[in-house]
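Written out below as structure tokens is the structure these notes cover.
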Amino acid sequence: MDKKLYTSIDSLIRYGLDRGLLEKEDQIYTRNRLLKLFLEDDYSDGDQGDDIPEERTGQDPSEEIEGILKDLLDIAVERGLCEDSVTFRDLFDTEIMNLLLPRPSEVSKAFWEKYRESPEAATDYYYAFCRASDYIRTYRVKKDLRWKVDSEFGEIDISINLSKPEKDPKAIAAAGKAKSTSYPKCLLCAENEGYAGRVNHPGRANHRIIPLIVNGTEWGLQYSPYVYYNEHCILLNKKHVPMKIEKDTFRKLLDFVRQFPHYLMGSNADLPIVGGSILSHDHYQGGRYTFPMAKAPIESPVIIPEYEDVEAGIIRWPLSVIRIRSSKIERLVDLADHILHCWRPYSDPEVDLLAETAGTPHNTITPIARCRDGIFELDLTLRNNRTTEERPLGLFHPGPKYHHIKKENIGLIEVMGLAILPARLQKEIFEEVRTALLTNGDLSATETLASHAEWAESIRLKYDSITEQNVDGILMQEVGNVFVGVLTDAGVFKRTPEGKEAFLRFVRTL
């Protein structure tokens, strides 16, 4: 008789009832499925509530489920049902949560019933469900560091991603021995729904996808498990086909925001370096968040022949962006396609812009769609992925002087003004560099400090006084300044008089 297991199962069932994951009639069935999962034949139905730790009373739901799952996972480890490592515990707890959840068809039915009330009611329901089901591990997302900094382009968003757990040694060793499989083909395939997972593929047993028709084709809506911003969602093609920026891309983005006007939706570019991390599966990202880019004004209005009815202009932003606006979706689609076709073959050697080298294309677009007060708009970010001997990571990519903070590709989310910075920076900058600045320490004392030395020394020279009271604010501002520099580097037309004139030369070709 394992009273601790019974108490934990009862706590989980009570959580499911409170969060609307279960109905009263589901209690016995769910309990029996959980007992089976733990290879337990017995159960005592005494008043288990007395044994629930008092500190859970009134807790935040994410902290509550974290505590309940920890107890259950500890029992699973004790019973030899689960390896004691983050990866294996994550695989097992998705199986636990799946036993509380309705089938995908039931979730979809509830979503569309809510949609009859309003698109917001539907997404509110689904977002709450994904958090309650522990698909979005809210207690981990809370660990991310987030702040805003002022810049010449308005407020910029900065985050250090601490929510995605690193692979542990046991998982790495097991992955090396794991049987090779191509199912699911990638992390974005619809086949992930309900998939148990493996050491080299996350568990998705508690995952539910909402089926959508977008531009007459089958797509699925889900949330990102690592929500980088409010209601960070992913729109994925039901077929495993590569990313492609084409006329239909603009139509699909706008069709989605027509159906969900409170959400934005954008696409990564379709080329390496300037594209997303998964180019093999067509997908878009959106959500309910106002990015800094959306607040950027049009600073150079333009009139494009044959599209005089569409508002257009270059926005005040470190990357090179043309914004077009209209109440008519098809007019926006036609103009965006026109701009894309003009951009693909466009070269301007005066600003190192080449459309192709040795037959390899370099020009593409990162598009973002939104709807404001009944007016649809597209932000078309011009991208180029050419590399050179001096800049092997990309000519329009973060420069070497910024690599100590940001070396990774600049994708859709960062194009819109939200930095996703690596977890290593928490310790490197907000502990090591921080201490060195406060103590006037040797900036070459360690390999880590040496990588930040030039930047840290410039901070020393810039500020008259760095104290315990202001050091964190200074570091946050200076990290933000680096990110603005990173975005400026990614702009194909620089924010110089020569760059602005070059941008207008392209616009004249339209």
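Labels used: A, B, ... for chains in the order of the structure tokens, numbers from 1 for residues in each chain, and numbers from 1 for ligands as shown.
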Each range 377-465 of chain A residue no farther than 10 Å from range 349-366 of chain A, nearest pair in Å, only C-alpha atoms, as a tab-separated table:
residue	atom	partner	partner_atom	distance
A:Asp379	CA	A:Thr366	CA	8.2
A:Leu380	CA	A:Thr366	CA	6.0
A:Thr381	CA	A:Thr366	CA	4.9
A:Leu382	CA	A:Ile365	CA	4.9
A:Arg383	CA	A:Thr364	CA	5.3
A:Asn384	CA	A:Asn363	CA	4.6
A:Asn385	CA	A:His362	CA	5.1
A:Arg386	CA	A:His362	CA	5.7
A:Thr387	CA	A:His362	CA	9.3
A:Leu395	CA	A:Asp352	CA	8.6
A:Phe396	CA	A:Leu353	CA	9.5
A:Gly411	CA	A:Thr366	CA	8.3
A:Leu412	CA	A:Thr366	CA	6.7
A:Val415	CA	A:Thr366	CA	8.2
A:Met416	CA	A:Thr366	CA	9.9
All heavy atoms of the current selection, written as a compact mmCIF listing (two decimals), in the first residue's frame:
# COMPACT_ATOMS: atom_id res chain seq x y z
N ASP A 379 4.22 43.81 -43.11
CA ASP A 379 5.58 44.33 -43.03
C ASP A 379 6.47 43.36 -43.79
O ASP A 379 6.54 42.17 -43.45
CB ASP A 379 6.05 44.44 -41.57
CG ASP A 379 5.50 45.68 -40.88
OD1 ASP A 379 4.91 46.53 -41.56
OD2 ASP A 379 5.66 45.78 -39.65
N LEU A 380 7.13 43.85 -44.82
CA LEU A 380 7.98 43.01 -45.68
C LEU A 380 9.44 43.36 -45.41
O LEU A 380 9.92 44.43 -45.81
CB LEU A 380 7.62 43.25 -47.15
CG LEU A 380 6.14 43.02 -47.50
CD1 LEU A 380 5.86 43.43 -48.93
CD2 LEU A 380 5.73 41.57 -47.26
N THR A 381 10.12 42.48 -44.69
CA THR A 381 11.51 42.71 -44.31
C THR A 381 12.43 42.12 -45.37
O THR A 381 12.42 40.91 -45.61
CB THR A 381 11.81 42.07 -42.95
OG1 THR A 381 10.79 42.42 -42.01
CG2 THR A 381 13.17 42.51 -42.42
N LEU A 382 13.22 42.96 -46.01
CA LEU A 382 14.10 42.51 -47.08
C LEU A 382 15.33 41.83 -46.48
O LEU A 382 16.01 42.38 -45.61
CB LEU A 382 14.52 43.70 -47.95
CG LEU A 382 13.35 44.56 -48.49
CD1 LEU A 382 13.90 45.72 -49.31
CD2 LEU A 382 12.37 43.73 -49.30
N ARG A 383 15.62 40.61 -46.95
CA ARG A 383 16.72 39.83 -46.38
C ARG A 383 17.68 39.38 -47.50
O ARG A 383 17.28 39.18 -48.65
CB ARG A 383 16.21 38.57 -45.66
CG ARG A 383 15.07 38.78 -44.67
CD ARG A 383 15.43 39.69 -43.50
NE ARG A 383 16.55 39.23 -42.72
CZ ARG A 383 16.49 38.36 -41.71
NH1 ARG A 383 15.32 37.81 -41.39
NH2 ARG A 383 17.55 38.02 -41.02
N ASN A 384 18.95 39.17 -47.11
CA ASN A 384 19.96 38.66 -48.03
C ASN A 384 20.92 37.79 -47.23
O ASN A 384 21.40 38.21 -46.18
CB ASN A 384 20.70 39.82 -48.71
CG ASN A 384 21.80 39.34 -49.66
OD1 ASN A 384 22.84 38.88 -49.23
ND2 ASN A 384 21.55 39.46 -50.95
N ASN A 385 21.19 36.58 -47.71
CA ASN A 385 21.99 35.64 -46.91
C ASN A 385 23.39 35.39 -47.47
O ASN A 385 24.03 34.38 -47.17
CB ASN A 385 21.26 34.31 -46.76
CG ASN A 385 21.32 33.43 -48.00
OD1 ASN A 385 21.59 33.93 -49.10
ND2 ASN A 385 21.08 32.14 -47.84
N ARG A 386 23.90 36.31 -48.28
CA ARG A 386 25.22 36.11 -48.88
C ARG A 386 26.32 36.05 -47.81
O ARG A 386 26.27 36.78 -46.82
CB ARG A 386 25.53 37.24 -49.87
CG ARG A 386 26.85 37.06 -50.62
CD ARG A 386 26.92 37.96 -51.83
NE ARG A 386 27.16 39.34 -51.49
CZ ARG A 386 28.37 39.94 -51.50
NH1 ARG A 386 29.44 39.22 -51.81
NH2 ARG A 386 28.49 41.21 -51.21
N THR A 387 27.29 35.19 -48.05
CA THR A 387 28.46 35.10 -47.17
C THR A 387 29.71 35.53 -47.96
O THR A 387 29.72 35.48 -49.19
CB THR A 387 28.67 33.68 -46.63
OG1 THR A 387 28.87 32.78 -47.74
CG2 THR A 387 27.47 33.22 -45.83
N LEU A 395 26.92 38.16 -44.53
CA LEU A 395 27.28 39.58 -44.67
C LEU A 395 26.27 40.46 -43.94
O LEU A 395 26.62 41.48 -43.36
CB LEU A 395 27.34 39.94 -46.15
CG LEU A 395 27.85 41.32 -46.52
CD1 LEU A 395 29.26 41.54 -45.98
CD2 LEU A 395 27.83 41.50 -48.03
N PHE A 396 24.99 40.04 -43.96
CA PHE A 396 23.93 40.79 -43.27
C PHE A 396 23.47 39.96 -42.07
O PHE A 396 22.33 39.49 -41.99
CB PHE A 396 22.78 41.09 -44.24
CG PHE A 396 23.24 41.86 -45.44
CD1 PHE A 396 23.44 41.24 -46.66
CD2 PHE A 396 23.52 43.23 -45.34
CE1 PHE A 396 23.89 41.95 -47.76
CE2 PHE A 396 23.97 43.95 -46.44
CZ PHE A 396 24.15 43.30 -47.66
N GLY A 411 16.04 35.51 -36.81
CA GLY A 411 14.81 35.01 -37.40
C GLY A 411 13.65 35.95 -37.17
O GLY A 411 13.81 37.10 -36.73
N LEU A 412 12.47 35.44 -37.43
CA LEU A 412 11.25 36.25 -37.41
C LEU A 412 11.05 37.02 -36.10
O LEU A 412 10.79 38.23 -36.12
CB LEU A 412 10.05 35.34 -37.66
CG LEU A 412 8.66 35.94 -37.43
CD1 LEU A 412 8.37 37.00 -38.48
CD2 LEU A 412 7.60 34.85 -37.47
N VAL A 415 13.57 39.77 -35.74
CA VAL A 415 13.29 40.81 -36.74
C VAL A 415 12.26 41.79 -36.20
O VAL A 415 12.34 43.00 -36.41
CB VAL A 415 12.78 40.15 -38.05
CG1 VAL A 415 12.08 41.18 -38.95
CG2 VAL A 415 13.94 39.51 -38.81
N MET A 416 11.28 41.27 -35.45
CA MET A 416 10.19 42.11 -34.94
C MET A 416 10.58 42.87 -33.67
O MET A 416 9.78 43.62 -33.13
CB MET A 416 8.94 41.26 -34.69
CG MET A 416 8.34 40.68 -35.95
SD MET A 416 6.73 39.88 -35.68
CE MET A 416 7.20 38.39 -34.79
| request: Run DSSP on the backbone and grab whatever in range 118-286 of chain A lands in helix (DSSP H, G or I); send it over as a ChimeraX atom specification. | output: /A:119-132,138-141,169-177,190-192,247-259
Could you save those same residues with C-alpha atoms as an mmCIF file, in the first residue's frame?
data_model
loop_
_atom_site.group_PDB
_atom_site.id
_atom_site.type_symbol
_atom_site.label_atom_id
_atom_site.label_comp_id
_atom_site.auth_asym_id
_atom_site.auth_seq_id
_atom_site.Cartn_x
_atom_site.Cartn_y
_atom_site.Cartn_z
ATOM 1 C CA PRO A 119 -12.056 34.393 -31.929
ATOM 2 C CA GLU A 120 -10.661 35.693 -28.611
ATOM 3 C CA ALA A 121 -12.849 33.301 -26.613
ATOM 4 C CA ALA A 122 -11.530 30.385 -28.675
ATOM 5 C CA THR A 123 -7.851 31.225 -28.225
ATOM 6 C CA ASP A 124 -8.387 32.102 -24.545
ATOM 7 C CA TYR A 125 -9.806 28.610 -24.014
ATOM 8 C CA TYR A 126 -7.037 26.881 -25.960
ATOM 9 C CA TYR A 127 -4.198 28.838 -24.342
ATOM 10 C CA ALA A 128 -5.542 28.090 -20.859
ATOM 11 C CA PHE A 129 -5.874 24.426 -21.826
ATOM 12 C CA CYS A 130 -2.252 24.211 -23.047
ATOM 13 C CA ARG A 131 -0.990 25.700 -19.799
ATOM 14 C CA ALA A 132 -3.217 23.545 -17.609
ATOM 15 C CA THR A 138 4.635 27.804 -17.265
ATOM 16 C CA TYR A 139 6.820 27.291 -14.206
ATOM 17 C CA ARG A 140 9.837 27.017 -16.520
ATOM 18 C CA VAL A 141 8.888 29.920 -18.766
ATOM 19 C CA PRO A 169 24.494 13.246 -19.692
ATOM 20 C CA LYS A 170 22.145 10.251 -19.369
ATOM 21 C CA ALA A 171 19.990 11.479 -22.229
ATOM 22 C CA ILE A 172 22.998 12.248 -24.419
ATOM 23 C CA ALA A 173 24.366 8.746 -23.850
ATOM 24 C CA ALA A 174 20.981 7.151 -24.519
ATOM 25 C CA ALA A 175 20.462 9.207 -27.677
ATOM 26 C CA GLY A 176 23.707 7.812 -29.069
ATOM 27 C CA LYS A 177 22.330 4.290 -28.709
ATOM 28 C CA ALA A 190 1.056 16.913 -37.106
ATOM 29 C CA GLU A 191 2.155 13.397 -36.117
ATOM 30 C CA ASN A 192 3.619 14.868 -32.913
ATOM 31 C CA LYS A 247 2.385 34.760 -53.297
ATOM 32 C CA ASP A 248 0.335 32.176 -51.400
ATOM 33 C CA THR A 249 2.426 32.860 -48.279
ATOM 34 C CA PHE A 250 1.062 36.396 -48.079
ATOM 35 C CA ARG A 251 -2.459 35.146 -48.768
ATOM 36 C CA LYS A 252 -2.239 32.530 -45.980
ATOM 37 C CA LEU A 253 -0.830 34.976 -43.435
ATOM 38 C CA LEU A 254 -3.588 37.466 -44.152
ATOM 39 C CA ASP A 255 -6.284 34.786 -44.210
ATOM 40 C CA PHE A 256 -5.207 33.727 -40.728
ATOM 41 C CA VAL A 257 -5.375 37.254 -39.298
ATOM 42 C CA ARG A 258 -8.739 37.677 -41.014
ATOM 43 C CA GLN A 259 -9.983 34.710 -38.976
#
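Between CA of Gly313 in chain A and CA of Ile298 in chain A there is a distance of 5.6 Å.
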With only C-alpha atoms counted and 10 Å as the cut-off, give the residues of range 335-443 of chain A in contact with range 283-292 of chain A, each with its shortest interatomic distance in Å and the pair that gives it, as CSV.
residue,atom,partner,partner_atom,distance
A:Pro367,CA,A:Tyr284,CA,9.9
A:Ile368,CA,A:Gly286,CA,8.7
A:Ala369,CA,A:Gly286,CA,9.0
A:Arg370,CA,A:Gly286,CA,9.4
A:Leu412,CA,A:Gln285,CA,8.0
A:Ile413,CA,A:Gln285,CA,8.3
A:Glu414,CA,A:Phe291,CA,9.6
A:Val415,CA,A:Pro292,CA,9.6
A:Met416,CA,A:Phe291,CA,5.9
A:Gly417,CA,A:Pro292,CA,5.3
A:Leu418,CA,A:Phe291,CA,7.2
So that I have them on file, write out the residues from the current selection with N, CA, C and O atoms, as a short mmCIF file (atom, residue, chain, number, x, y, z; two decimals), in the first residue's frame.
data_model
loop_
_atom_site.label_atom_id
_atom_site.label_comp_id
_atom_site.auth_asym_id
_atom_site.auth_seq_id
_atom_site.Cartn_x
_atom_site.Cartn_y
_atom_site.Cartn_z
N PRO A 367 8.05 38.14 -43.95
CA PRO A 367 6.80 38.90 -43.90
C PRO A 367 6.06 38.74 -42.57
O PRO A 367 6.09 37.68 -41.94
N ILE A 368 5.38 39.80 -42.15
CA ILE A 368 4.55 39.79 -40.94
C ILE A 368 3.20 40.42 -41.27
O ILE A 368 3.15 41.51 -41.85
N ALA A 369 2.13 39.73 -40.89
CA ALA A 369 0.77 40.22 -41.16
C ALA A 369 0.06 40.54 -39.86
O ALA A 369 0.22 39.85 -38.86
N ARG A 370 -0.75 41.60 -39.89
CA ARG A 370 -1.59 41.94 -38.74
C ARG A 370 -2.81 42.71 -39.23
O ARG A 370 -2.87 43.13 -40.39
N LEU A 412 12.47 35.44 -37.43
CA LEU A 412 11.25 36.25 -37.41
C LEU A 412 11.05 37.02 -36.10
O LEU A 412 10.79 38.23 -36.12
N ILE A 413 11.15 36.33 -34.97
CA ILE A 413 10.86 36.97 -33.68
C ILE A 413 11.81 38.13 -33.42
O ILE A 413 11.41 39.20 -32.96
N GLU A 414 13.09 37.92 -33.74
CA GLU A 414 14.07 38.98 -33.49
C GLU A 414 13.94 40.10 -34.52
O GLU A 414 14.18 41.27 -34.19
N VAL A 415 13.57 39.77 -35.74
CA VAL A 415 13.29 40.81 -36.74
C VAL A 415 12.26 41.79 -36.20
O VAL A 415 12.34 43.00 -36.41
N MET A 416 11.28 41.27 -35.45
CA MET A 416 10.19 42.11 -34.94
C MET A 416 10.58 42.87 -33.67
O MET A 416 9.78 43.62 -33.13
N GLY A 417 11.82 42.64 -33.17
CA GLY A 417 12.30 43.45 -32.06
C GLY A 417 12.36 42.77 -30.71
O GLY A 417 12.46 43.46 -29.68
N LEU A 418 12.30 41.43 -30.66
CA LEU A 418 12.44 40.70 -29.41
C LEU A 418 13.68 39.81 -29.48
O LEU A 418 13.72 38.85 -30.25
#
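If you measure from each of A:Leu100, A:Leu69, A:Val227, A:Ile75 to Lys4 in chain A using only C-alpha atoms, the closest one turns out to be A:Ile75.
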